[in-house]
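Have a look at run.txt; it's compact mmCIF, C-alpha atoms:
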```txt
# COMPACT_ATOMS: atom_id res chain seq x y z
CA MET A 1 -5.97 32.74 2.00
CA LYS A 2 -7.35 31.38 -1.25
CA LYS A 3 -9.14 28.05 -1.46
CA GLN A 4 -6.46 26.47 -3.66
CA GLU A 5 -3.65 27.44 -1.29
CA ALA A 6 -5.67 26.10 1.64
CA ILE A 7 -6.25 22.74 -0.09
CA TYR A 8 -2.53 22.51 -0.85
CA ASN A 9 -1.70 23.10 2.81
CA TYR A 10 -4.35 20.68 4.02
CA ALA A 11 -3.21 17.87 1.70
CA LEU A 12 0.38 18.56 2.73
CA ARG A 13 -0.54 18.32 6.41
CA LEU A 14 -2.35 14.99 5.94
CA GLY A 15 0.49 13.71 3.77
CA ASP A 16 3.19 14.79 6.24
CA ASN A 17 1.44 13.11 9.15
CA SER A 18 1.31 9.85 7.19
CA LEU A 19 4.85 10.14 5.86
CA VAL A 20 6.55 10.88 9.18
CA LEU A 21 4.64 8.23 11.11
CA GLY A 22 5.18 5.77 8.25
CA HIS A 23 8.90 6.42 8.50
CA ARG A 24 8.92 5.91 12.27
CA LEU A 25 7.05 2.60 11.91
CA ALA A 26 9.36 1.49 9.10
CA GLU A 27 12.35 2.06 11.38
CA LEU A 28 11.00 -0.79 13.53
CA CYS A 29 11.58 -3.30 10.73
CA SER A 30 13.63 -6.14 12.28
CA LYS A 31 13.20 -4.58 15.74
CA GLY A 32 9.72 -5.90 16.59
CA PRO A 33 9.43 -7.78 19.90
CA ILE A 34 8.25 -10.89 18.02
CA LEU A 35 8.20 -11.78 14.32
CA GLU A 36 4.43 -11.27 13.98
CA GLU A 37 4.73 -7.76 15.41
CA ASP A 38 7.59 -6.97 13.10
CA LEU A 39 5.26 -7.78 10.21
CA ALA A 40 2.36 -5.86 11.74
CA LEU A 41 4.35 -2.67 12.33
CA THR A 42 5.89 -2.67 8.87
CA ASN A 43 2.51 -3.40 7.27
CA MET A 44 1.14 -0.35 9.03
CA ALA A 45 4.18 1.62 7.86
CA LEU A 46 3.29 0.65 4.31
CA ASP A 47 -0.32 1.82 4.73
CA HIS A 48 0.95 5.18 5.96
CA ILE A 49 3.51 5.61 3.19
CA GLY A 50 0.89 4.69 0.58
CA ARG A 51 -1.47 7.27 2.02
CA ALA A 52 1.33 9.87 2.15
CA GLN A 53 2.00 9.26 -1.52
CA ALA A 54 -1.67 9.79 -2.38
CA PHE A 55 -1.95 13.05 -0.39
CA LEU A 56 1.41 14.45 -1.51
CA ASN A 57 0.57 13.63 -5.13
CA TYR A 58 -2.61 15.62 -4.71
CA ALA A 59 -0.77 18.49 -3.00
CA ALA A 60 1.69 18.62 -5.90
CA GLN A 61 -1.19 18.60 -8.39
CA VAL A 62 -3.02 21.43 -6.58
CA GLU A 63 0.15 23.50 -6.26
CA ALA A 64 0.64 23.14 -10.04
CA LYS A 65 4.32 23.96 -9.99
CA ASN A 66 5.31 20.85 -11.88
CA LYS A 67 6.42 18.99 -8.76
CA THR A 68 5.88 15.35 -7.82
CA ALA A 69 5.01 13.67 -4.52
CA ASP A 70 8.69 12.72 -4.27
CA ASP A 71 9.78 16.35 -4.61
CA LEU A 72 7.53 17.24 -1.70
CA ALA A 73 8.72 14.34 0.43
CA TYR A 74 12.44 14.60 -0.23
CA LYS A 75 13.18 18.22 -1.01
CA ARG A 76 11.41 20.21 1.69
CA GLY A 77 13.22 21.36 4.80
CA GLU A 78 12.07 20.74 8.36
CA ARG A 79 10.32 24.10 8.73
CA SER A 80 8.12 23.32 5.72
CA PHE A 81 6.77 20.10 7.25
CA TYR A 82 3.37 20.43 8.91
CA ASN A 83 2.92 17.08 10.64
CA ASN A 84 1.81 16.88 14.26
CA LEU A 85 4.68 16.47 16.72
CA ILE A 86 3.41 13.11 18.00
CA MET A 87 4.24 11.50 14.63
CA GLU A 88 7.96 12.24 14.98
CA LEU A 89 8.48 11.01 18.55
CA PRO A 90 11.05 8.23 18.84
CA ASP A 91 10.06 4.71 19.85
CA LYS A 92 11.58 4.24 23.30
CA ASP A 93 10.12 0.78 23.83
CA PHE A 94 7.21 -1.29 22.51
CA ALA A 95 4.84 0.35 25.03
CA SER A 96 5.65 3.81 23.63
CA THR A 97 4.92 2.56 20.10
CA ILE A 98 1.58 1.11 21.17
CA ALA A 99 0.54 4.22 23.17
CA ARG A 100 1.27 6.47 20.18
CA GLN A 101 -0.50 4.05 17.83
CA LEU A 102 -3.63 4.00 19.97
CA ILE A 103 -3.79 7.79 20.18
CA VAL A 104 -3.05 8.34 16.49
CA SER A 105 -5.14 5.53 15.04
CA THR A 106 -8.17 6.59 17.10
CA PHE A 107 -7.68 10.14 15.82
CA GLU A 108 -7.25 8.95 12.23
CA TYR A 109 -10.29 6.70 12.43
CA PHE A 110 -12.62 9.56 13.34
CA LEU A 111 -10.84 12.08 11.09
CA TYR A 112 -11.05 9.96 7.94
CA THR A 113 -14.58 8.76 8.70
CA GLU A 114 -15.64 12.43 8.60
CA LEU A 115 -13.41 13.37 5.66
CA MET A 116 -15.10 10.69 3.55
CA LYS A 117 -17.90 13.27 3.28
CA SER A 118 -15.55 16.05 2.13
CA LYS A 119 -16.72 18.05 -0.88
CA ASP A 120 -13.25 17.66 -2.32
CA GLU A 121 -13.49 14.42 -4.30
CA THR A 122 -9.83 13.46 -3.99
CA ILE A 123 -9.68 14.00 -0.23
CA ALA A 124 -12.94 12.04 0.15
CA ALA A 125 -11.64 9.15 -2.00
CA ILE A 126 -8.29 8.83 -0.19
CA SER A 127 -10.11 9.06 3.16
CA ALA A 128 -12.51 6.26 2.21
CA LYS A 129 -9.53 4.00 1.55
CA ALA A 130 -7.65 5.17 4.64
CA VAL A 131 -10.51 4.45 7.01
CA LYS A 132 -10.59 0.78 5.99
CA GLU A 133 -6.91 0.44 6.80
CA VAL A 134 -6.99 2.47 10.00
CA ARG A 135 -9.72 0.22 11.37
CA TYR A 136 -7.16 -2.58 11.59
CA HIS A 137 -4.52 -0.29 13.09
CA LEU A 138 -6.98 0.73 15.74
CA ALA A 139 -7.97 -2.85 16.58
CA HIS A 140 -4.27 -3.73 16.77
CA SER A 141 -3.31 -0.92 19.18
CA SER A 142 -6.47 -1.39 21.29
CA ASP A 143 -5.75 -5.11 21.70
CA TRP A 144 -2.11 -4.51 22.63
CA THR A 145 -2.95 -1.75 25.12
CA CYS A 146 -5.22 -4.22 26.93
CA ARG A 147 -2.72 -7.09 26.75
CA LEU A 148 0.12 -5.00 28.15
CA GLY A 149 -2.03 -3.10 30.66
CA GLU A 150 -3.47 -6.32 32.02
CA GLY A 151 -0.23 -8.27 31.60
CA THR A 152 2.58 -8.35 34.16
CA ASP A 153 3.37 -5.63 36.71
CA LEU A 154 6.24 -4.53 34.50
CA SER A 155 4.22 -4.36 31.26
CA HIS A 156 1.48 -2.48 33.15
CA GLU A 157 3.99 0.01 34.50
CA LYS A 158 5.63 0.52 31.10
CA MET A 159 2.28 1.01 29.37
CA GLN A 160 1.19 3.56 31.98
CA ARG A 161 4.48 5.44 31.67
CA ALA A 162 4.14 5.48 27.87
CA PHE A 163 0.68 7.10 28.05
CA ASN A 164 1.87 9.61 30.66
CA ASP A 165 4.83 10.60 28.47
CA VAL A 166 2.91 11.01 25.23
CA TRP A 167 -0.15 12.75 26.66
CA MET A 168 1.25 16.29 26.24
CA PHE A 169 1.32 15.74 22.48
CA THR A 170 -2.38 14.89 22.13
CA ASP A 171 -3.96 18.36 22.14
CA GLU A 172 -2.04 19.42 19.07
CA LEU A 173 -3.90 16.88 16.92
CA PHE A 174 -7.00 19.07 17.20
CA GLU A 175 -5.38 22.45 16.55
CA MET A 176 -6.78 24.44 13.66
CA ASN A 177 -5.68 27.55 11.79
CA GLU A 178 -6.63 29.71 8.80
CA VAL A 179 -6.41 26.70 6.48
CA ASP A 180 -9.17 24.91 8.41
CA GLU A 181 -11.23 28.07 8.61
CA VAL A 182 -11.27 28.52 4.82
CA LEU A 183 -11.93 24.85 4.08
CA ILE A 184 -14.60 24.23 6.73
CA LYS A 185 -16.69 26.96 5.04
CA GLU A 186 -16.31 25.13 1.74
CA GLY A 187 -17.31 21.76 3.24
CA ILE A 188 -13.87 20.37 2.43
CA ALA A 189 -12.24 20.17 5.87
CA ILE A 190 -13.87 19.13 9.12
CA ASP A 191 -14.08 20.98 12.41
CA LEU A 192 -11.63 18.99 14.54
CA ASN A 193 -13.50 20.06 17.69
CA SER A 194 -16.34 17.82 16.52
CA ILE A 195 -14.23 14.65 16.70
CA LYS A 196 -12.34 15.50 19.89
CA PRO A 197 -14.98 14.03 22.26
CA LEU A 198 -15.24 10.87 20.11
CA TRP A 199 -11.47 10.49 20.21
CA PHE A 200 -11.34 11.13 23.96
CA ASN A 201 -14.10 8.63 24.75
CA HIS A 202 -12.55 5.81 22.78
CA VAL A 203 -9.04 6.36 24.16
CA LYS A 204 -10.43 6.60 27.69
CA GLU A 205 -12.47 3.43 27.23
CA VAL A 206 -9.46 1.42 26.05
CA ILE A 207 -7.12 2.81 28.72
CA GLU A 208 -9.62 1.98 31.45
CA GLU A 209 -10.34 -1.48 30.03
CA ALA A 210 -6.58 -2.05 30.18
CA THR A 211 -6.75 -1.23 33.92
CA LEU A 212 -4.61 1.85 33.32
CA LYS A 213 -5.23 5.42 34.45
CA LEU A 214 -6.04 8.23 32.04
CA PRO A 215 -3.06 10.62 32.29
CA GLU A 216 -3.63 14.00 33.92
CA THR A 217 -3.91 16.84 31.47
CA GLY A 218 -1.24 19.47 32.04
CA TYR A 219 1.03 21.44 29.73
CA MET A 220 0.38 20.69 26.06
CA GLN A 221 3.02 20.87 23.33
CA THR A 222 2.37 22.76 20.10
CA GLY A 223 4.21 23.83 16.95
CA GLY A 224 3.62 21.38 14.07
CA ARG A 225 1.01 23.52 12.33
CA LYS A 226 3.60 26.33 12.09
CA GLY A 227 6.44 24.07 11.03
CA ILE A 228 8.10 24.22 14.45
CA HIS A 229 9.19 20.74 15.42
CA THR A 230 10.85 18.66 18.11
CA GLU A 231 14.56 17.93 17.76
CA TYR A 232 13.66 14.56 16.24
CA LEU A 233 12.24 15.61 12.86
CA GLY A 234 15.58 16.94 11.58
CA HIS A 235 17.17 13.56 12.24
CA ILE A 236 14.32 11.73 10.51
CA LEU A 237 14.67 13.94 7.42
CA SER A 238 18.44 13.67 7.30
CA GLU A 239 18.04 9.94 6.90
CA MET A 240 14.91 9.96 4.74
CA GLN A 241 16.14 12.65 2.34
CA TYR A 242 19.83 11.76 2.20
CA LEU A 243 19.82 10.00 -1.14
CA GLN A 244 17.82 12.61 -3.03
CA ARG A 245 19.92 15.40 -1.55
CA ALA A 246 23.25 13.70 -2.26
CA TYR A 247 22.25 12.40 -5.70
CA PRO A 248 19.45 14.64 -6.98
CA THR A 249 17.00 12.96 -9.40
CA ALA A 250 18.46 9.52 -8.62
CA GLN A 251 16.05 6.76 -9.57
CA TRP A 252 15.94 3.03 -9.00
CA MET B 1 -6.48 4.87 -34.61
CA VAL B 2 -4.14 2.37 -33.00
CA ASN B 3 -6.93 0.28 -31.60
CA THR B 4 -9.20 -0.21 -34.56
CA LEU B 5 -8.44 -3.91 -34.38
CA HIS B 6 -9.36 -4.25 -30.73
CA THR B 7 -12.68 -3.63 -29.10
CA LYS B 8 -13.03 -2.77 -25.43
CA GLN B 9 -14.10 -6.35 -24.80
CA ASP B 10 -11.00 -7.70 -26.59
CA ILE B 11 -8.75 -5.66 -24.34
CA PHE B 12 -10.66 -6.76 -21.24
CA ASN B 13 -10.22 -10.37 -22.33
CA ILE B 14 -6.48 -9.93 -22.84
CA LEU B 15 -6.09 -8.28 -19.44
CA SER B 16 -8.23 -10.83 -17.62
CA PHE B 17 -5.32 -13.31 -17.74
CA ILE B 18 -2.91 -11.11 -15.79
CA PRO B 19 -2.38 -12.75 -12.40
CA ASP B 20 -2.26 -10.95 -9.08
CA PRO B 21 1.50 -10.78 -8.37
CA GLU B 22 1.00 -11.80 -4.75
CA ILE B 23 -1.68 -14.49 -5.22
CA PRO B 24 -0.93 -15.88 -8.68
CA VAL B 25 -3.94 -18.24 -8.74
CA VAL B 26 -6.33 -15.31 -9.17
CA SER B 27 -6.31 -12.60 -11.83
CA ILE B 28 -6.42 -8.85 -11.32
CA LYS B 29 -9.88 -8.94 -12.90
CA GLU B 30 -11.18 -11.56 -10.45
CA MET B 31 -9.72 -9.52 -7.60
CA GLY B 32 -11.69 -6.48 -8.74
CA MET B 33 -8.58 -4.38 -9.29
CA LEU B 34 -9.17 -4.00 -13.03
CA ARG B 35 -11.93 -1.40 -13.16
CA ASP B 36 -12.36 -0.20 -16.71
CA VAL B 37 -10.93 0.16 -20.18
CA VAL B 38 -11.51 3.38 -22.10
CA LEU B 39 -10.72 3.66 -25.79
CA THR B 40 -9.73 7.16 -26.88
CA ASP B 41 -8.44 8.57 -30.14
CA LYS B 42 -4.97 8.60 -28.58
CA GLY B 43 -4.99 4.95 -27.59
CA CYS B 44 -6.29 3.04 -24.64
CA GLU B 45 -6.61 3.86 -20.97
CA VAL B 46 -6.76 1.08 -18.41
CA ILE B 47 -8.21 2.03 -15.04
CA ILE B 48 -7.06 0.11 -11.98
CA THR B 49 -7.55 0.53 -8.25
CA PRO B 50 -5.23 -0.60 -5.44
CA THR B 51 -6.38 -3.04 -2.78
CA TYR B 52 -4.48 -1.04 -0.14
CA THR B 53 -3.09 2.49 -0.65
CA GLY B 54 0.45 1.26 -0.10
CA CYS B 55 0.05 -1.92 -2.20
CA PRO B 56 3.56 -2.53 -3.56
CA ALA B 57 2.20 -4.69 -6.40
CA MET B 58 0.70 -1.74 -8.30
CA GLY B 59 3.90 -0.88 -10.17
CA MET B 60 4.27 -4.49 -11.27
CA ILE B 61 0.62 -4.68 -12.36
CA GLU B 62 1.03 -1.50 -14.43
CA ASP B 63 4.10 -2.97 -16.15
CA ASP B 64 2.27 -6.26 -16.78
CA ILE B 65 -0.69 -4.46 -18.35
CA LYS B 66 1.56 -2.49 -20.72
CA ARG B 67 3.64 -5.53 -21.63
CA VAL B 68 0.69 -7.86 -22.27
CA LEU B 69 -1.13 -5.28 -24.40
CA LYS B 70 2.02 -4.55 -26.40
CA GLU B 71 2.47 -8.25 -27.08
CA ASN B 72 -1.07 -8.28 -28.43
CA GLY B 73 -0.50 -5.31 -30.69
CA VAL B 74 -2.04 -2.59 -28.55
CA SER B 75 0.30 0.36 -28.07
CA SER B 76 -0.26 3.85 -26.61
CA VAL B 77 -1.48 2.43 -23.33
CA ASN B 78 -1.99 4.64 -20.31
CA VAL B 79 -2.63 3.06 -16.92
CA LYS B 80 -4.60 5.23 -14.51
CA LEU B 81 -4.80 4.60 -10.77
CA VAL B 82 -8.06 5.60 -9.09
CA TYR B 83 -9.06 5.51 -5.41
CA ALA B 84 -12.83 5.88 -5.72
CA PRO B 85 -14.90 3.86 -5.31
CA ALA B 86 -12.67 2.31 -2.67
CA TRP B 87 -11.74 -1.30 -3.39
CA THR B 88 -13.62 -3.88 -1.37
CA THR B 89 -13.26 -7.64 -1.00
CA ASP B 90 -16.95 -7.77 -2.03
CA TRP B 91 -15.77 -7.34 -5.62
CA MET B 92 -13.95 -10.66 -5.54
CA THR B 93 -15.86 -13.30 -7.45
CA THR B 94 -17.03 -16.52 -5.79
CA GLU B 95 -14.70 -18.45 -8.13
CA ALA B 96 -11.77 -16.29 -7.05
CA LYS B 97 -12.55 -16.96 -3.39
CA GLU B 98 -12.67 -20.70 -4.06
CA LYS B 99 -9.35 -20.61 -5.95
CA MET B 100 -7.85 -18.71 -3.06
CA ARG B 101 -9.08 -21.31 -0.57
CA LYS B 102 -7.60 -24.16 -2.62
CA TYR B 103 -4.33 -22.23 -2.71
CA GLY B 104 -4.31 -22.26 1.10
CA ILE B 105 -5.57 -18.78 1.92
CA ALA B 106 -8.88 -18.46 3.77
CA PRO B 107 -10.99 -16.10 1.64
CA PRO B 108 -12.64 -12.98 3.12
CA THR B 109 -15.90 -13.59 4.94
CA SER B 110 -18.81 -11.16 4.76
CA SER B 111 -18.85 -7.53 3.79
CA ALA B 112 -20.25 -6.42 7.13
CA CYS B 113 -16.80 -5.59 8.36
CA ASN B 114 -16.72 -1.84 8.50
CA LYS B 115 -17.36 -1.64 12.21
CA LEU B 116 -15.21 -0.41 15.02
CA THR B 117 -14.88 -3.73 16.79
CA SER B 118 -12.00 -5.67 18.15
CA PHE B 119 -10.76 -7.94 15.39
CA SER B 120 -9.95 -11.07 17.35
CA LYS B 121 -13.21 -11.44 19.25
CA ASN B 122 -15.68 -11.25 16.39
CA ASN B 123 -14.42 -13.43 13.64
CA LEU B 124 -15.11 -17.04 12.83
CA ILE B 125 -12.62 -18.10 10.17
CA LYS B 126 -12.65 -21.53 8.55
CA CYS B 127 -9.39 -23.40 8.03
CA PRO B 128 -8.80 -23.56 4.21
CA ARG B 129 -7.40 -27.09 4.55
CA CYS B 130 -9.74 -28.98 6.85
CA ASN B 131 -12.72 -26.59 7.05
CA SER B 132 -12.61 -26.57 10.84
CA THR B 133 -13.83 -23.47 12.61
CA HIS B 134 -11.56 -24.15 15.58
CA THR B 135 -9.10 -21.52 14.48
CA GLU B 136 -7.17 -18.91 16.34
CA LEU B 137 -5.83 -15.51 15.34
CA ILE B 138 -2.05 -15.21 15.65
CA SER B 139 -1.62 -11.74 14.19
CA MET B 140 -3.84 -9.24 12.42
CA PHE B 141 -1.08 -8.61 9.88
CA GLY B 142 0.52 -11.29 7.74
CA SER B 143 3.03 -11.44 4.90
CA THR B 144 1.11 -8.67 3.13
CA ALA B 145 -1.16 -5.91 4.43
CA CYS B 146 -4.25 -7.66 3.07
CA LYS B 147 -3.78 -10.86 5.09
CA ALA B 148 -3.90 -11.95 8.74
CA LEU B 149 -2.19 -14.96 10.33
CA TYR B 150 -4.22 -17.79 11.83
CA LYS B 151 -3.64 -21.29 13.08
CA CYS B 152 -6.01 -24.21 12.96
CA ASP B 153 -6.51 -26.02 16.26
CA SER B 154 -7.91 -29.11 14.49
CA CYS B 155 -5.28 -29.87 11.83
CA LYS B 156 -2.61 -27.80 13.61
CA GLU B 157 -1.61 -26.02 10.39
CA PRO B 158 -0.95 -22.28 10.26
CA PHE B 159 -2.70 -20.39 7.45
CA GLU B 160 -3.37 -16.93 6.10
CA TYR B 161 -6.74 -15.22 6.02
CA PHE B 162 -7.52 -12.59 3.42
CA LYS B 163 -9.04 -9.83 5.58
CA CYS B 164 -12.37 -8.42 4.57
CA HIS B 165 -11.98 -4.88 3.46
```
Let me see the structure of the file written as structure tokens.
Amino acid sequence: MKKQEAIYNYALRLGDNSLVLGHRLAELCSKGPILEEDLALTNMALDHIGRAQAFLNYAAQVEAKNKTADDLAYKRGERSFYNNLIMELPDKDFASTIARQLIVSTFEYFLYTELMKSKDETIAAISAKAVKEVRYHLAHSSDWTCRLGEGTDLSHEKMQRAFNDVWMFTDELFEMNEVDEVLIKEGIAIDLNSIKPLWFNHVKEVIEEATLKLPETGYMQTGGRKGIHTEYLGHILSEMQYLQRAYPTAQW
Amino acid sequence: MVNTLHTKQDIFNILSFIPDPEIPVVSIKEMGMLRDVVLTDKGCEVIITPTYTGCPAMGMIEDDIKRVLKENGVSSVNVKLVYAPAWTTDWMTTEAKEKMRKYGIAPPTSSACNKLTSFSKNNLIKCPRCNSTHTELISMFGSTACKALYKCDSCKEPFEYFKCH
């Protein structure tokens, strides 16, 4: 694999993670448990969609096939999306949203902190902006994990169940393939194994502070890196891409 | 060619009056979003940076820049969005922070905010109305991504705090 193709794939992967999670968070608009949370979740959606736009713009530029970020977001099929499966999981209740947010924002915090040093200037610049935003997402999900874990018996139970359910999707965040191999050598990508212990320690610390138990590690789901997704991504895309598919080149 | 009548400083001066669409008492220059003006033989390039990557005001700011320059006889304007160096609230001028406070938004505190700490426990935010430090965080996210919601326990008024970034 050539360097240019690897950068395209890497930018796409970072963009897809942000886009799909941004879409999931945006779906919560008007469904937050309280007004302040409604605002918080949609603000975080906006951060993710902004970041997706930056990475997909860059992917389009690197690919040099005269495409735009919108083309990449709205005209690719499910099998050409490379986001991690955890991003596409539905929000069953507020606890499931918070558990996913804690796991993902901790991952993003350490990922973008390292990627700020990337030798690719664009990836480094977007990462430097992302890390400032993610810091707030992480504080938000850490605070809520503690509030719900230490709250009532019911909120404790729901929070524990949410972590147990999502745990099988955590290993995939650290999976690497040929793209990583090529770019690590160039100093562009980071070795995800290097941030795994940092991620684990922070998540463990918050879960334990919230008087919850760290879920047992068993079977781990995989597939996102190869474009193999859960049943949920197709439904996300059918809604997200509807307009551009039904009315190509429509603008507003 | 087009810009022989305008120097870089002239263009900066024209642009310095464009208000921030979300906090109209401060300008995009005072906010630190207006980064540079480059005169080329094709026209003029204005370089701006977003406060947050998803800042929805960027499109409006770009339109404002083009409109204001056109009104002042500067055509062939290209607006370029850059991410590096990443925008920080440290670029806001002291005057801008004071204007913001008078407008009812508590301005960002120090720059030493890039730490992995819990937001609510480590911040002492002054009420923009009565200056009391008996304030309480309601939510880390307010009406826009750049603000948090607080309430003042002294004057009992709710207010927004511009988060340090």
*List every protein, DNA or RNA residue with an atom no more than 6 Å from (1.1, 10.2, 16.6) in the file's coordinates, counting all atoms listed in the file, and format the result as a PyMOL selection string.*
chain A and resi 86-87+100+104
Write a file of the just-selected residues containing C-alpha atoms, as a PDB file, in the coordinates of the input.
```
ATOM      1  CA  ILE A  86       3.410  13.110  18.000  1.00  0.00           C
ATOM      2  CA  MET A  87       4.240  11.500  14.630  1.00  0.00           C
ATOM      3  CA  ARG A 100       1.270   6.470  20.180  1.00  0.00           C
ATOM      4  CA  VAL A 104      -3.050   8.340  16.490  1.00  0.00           C
TER       5      VAL A 104
END
```
_Give me the residues near region 2-19 of chain B as a count of residues only, where near means some atom within 8 Å (using only C-alpha atoms) and where sequence neighbours in that chain fewer than 4 positions away do not count._
22
*asked:* Only residues of chain A matter here; which ones have an atom within 6 Å of chain B, counting all atoms listed in the file? Give them as a list in words.
replied: Ala40, Asn43, Leu46, Asp47, Gly50, Arg51, Ala125, Lys129 and Ala139 of chain A
With a distance cut-off of 10 Å and only C-alpha atoms, select the neighbouring residues of Cys130 (chain B), excluding the residue or stretch itself and same-chain residues fewer than 3 positions from it, and output the selection as a compact mmCIF listing (two decimals) with C-alpha atoms, keeping the file's coordinate frame.
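Printed below is around24.txt as written:
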```
# COMPACT_ATOMS: atom_id res chain seq x y z
CA LYS B 126 -12.65 -21.53 8.55
CA CYS B 127 -9.39 -23.40 8.03
CA THR B 133 -13.83 -23.47 12.61
CA CYS B 152 -6.01 -24.21 12.96
CA SER B 154 -7.91 -29.11 14.49
CA CYS B 155 -5.28 -29.87 11.83
CA LYS B 156 -2.61 -27.80 13.61
CA GLU B 157 -1.61 -26.02 10.39
```
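The interatomic distance for the pair CA of Met220 (chain A) and CA of Gln160 (chain A) works out to 18.1 Å.
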_as a PyMOL selection string, please: the residues near His23 (chain A) (cut-off 9 Å, all atoms listed in the file, same-chain neighbours under 4 positions excluded)._
chain A and resi 18-19+27+45+48-49+88+236+240
Centre, x/y/z edge lengths, axis-aligned box for region 95-111 of chain B with 6 Å per side, as JSON:
```
{"center_x": -11.6, "center_y": -15.8, "center_z": -1.6, "size_x": 26.5, "size_y": 28.6, "size_z": 25.1}
```
All heavy atoms are needed for region 50-55 of chain A; please write them out as an mmCIF file, keeping the file's coordinate frame.
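As written to disk, result_3.cif reads:
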```
data_model
loop_
_atom_site.group_PDB
_atom_site.id
_atom_site.type_symbol
_atom_site.label_atom_id
_atom_site.label_comp_id
_atom_site.auth_asym_id
_atom_site.auth_seq_id
_atom_site.Cartn_x
_atom_site.Cartn_y
_atom_site.Cartn_z
ATOM 1 N N GLY A 50 1.810 4.669 1.718
ATOM 2 C CA GLY A 50 0.890 4.690 0.580
ATOM 3 C C GLY A 50 -0.048 5.876 0.642
ATOM 4 O O GLY A 50 -0.300 6.567 -0.349
ATOM 5 N N ARG A 51 -0.552 6.141 1.821
ATOM 6 C CA ARG A 51 -1.470 7.270 2.020
ATOM 7 C C ARG A 51 -0.722 8.587 1.822
ATOM 8 O O ARG A 51 -1.247 9.521 1.213
ATOM 9 C CB ARG A 51 -2.068 7.200 3.425
ATOM 10 C CG ARG A 51 -3.288 8.076 3.599
ATOM 11 C CD ARG A 51 -3.634 8.265 5.069
ATOM 12 N NE ARG A 51 -3.751 7.000 5.765
ATOM 13 C CZ ARG A 51 -3.524 6.859 7.082
ATOM 14 N NH1 ARG A 51 -3.173 7.903 7.806
ATOM 15 N NH2 ARG A 51 -3.648 5.685 7.658
ATOM 16 N N ALA A 52 0.519 8.652 2.318
ATOM 17 C CA ALA A 52 1.330 9.870 2.150
ATOM 18 C C ALA A 52 1.524 10.152 0.658
ATOM 19 O O ALA A 52 1.384 11.288 0.210
ATOM 20 C CB ALA A 52 2.685 9.695 2.828
ATOM 21 N N GLN A 53 1.794 9.100 -0.090
ATOM 22 C CA GLN A 53 2.000 9.260 -1.520
ATOM 23 C C GLN A 53 0.753 9.830 -2.191
ATOM 24 O O GLN A 53 0.840 10.733 -3.023
ATOM 25 C CB GLN A 53 2.341 7.895 -2.113
ATOM 26 C CG GLN A 53 2.960 7.961 -3.478
ATOM 27 C CD GLN A 53 3.351 6.569 -3.962
ATOM 28 O OE1 GLN A 53 2.793 5.551 -3.508
ATOM 29 N NE2 GLN A 53 4.300 6.512 -4.860
ATOM 30 N N ALA A 54 -0.413 9.317 -1.790
ATOM 31 C CA ALA A 54 -1.670 9.790 -2.380
ATOM 32 C C ALA A 54 -1.899 11.271 -2.046
ATOM 33 O O ALA A 54 -2.243 12.074 -2.923
ATOM 34 C CB ALA A 54 -2.833 8.939 -1.874
ATOM 35 N N PHE A 55 -1.708 11.645 -0.786
ATOM 36 C CA PHE A 55 -1.950 13.050 -0.390
ATOM 37 C C PHE A 55 -0.892 13.994 -0.974
ATOM 38 O O PHE A 55 -1.216 15.100 -1.398
ATOM 39 C CB PHE A 55 -2.011 13.188 1.134
ATOM 40 C CG PHE A 55 -3.350 12.842 1.710
ATOM 41 C CD1 PHE A 55 -3.469 11.874 2.699
ATOM 42 C CD2 PHE A 55 -4.511 13.493 1.280
ATOM 43 C CE1 PHE A 55 -4.710 11.552 3.248
ATOM 44 C CE2 PHE A 55 -5.755 13.176 1.823
ATOM 45 C CZ PHE A 55 -5.856 12.200 2.812
#
```
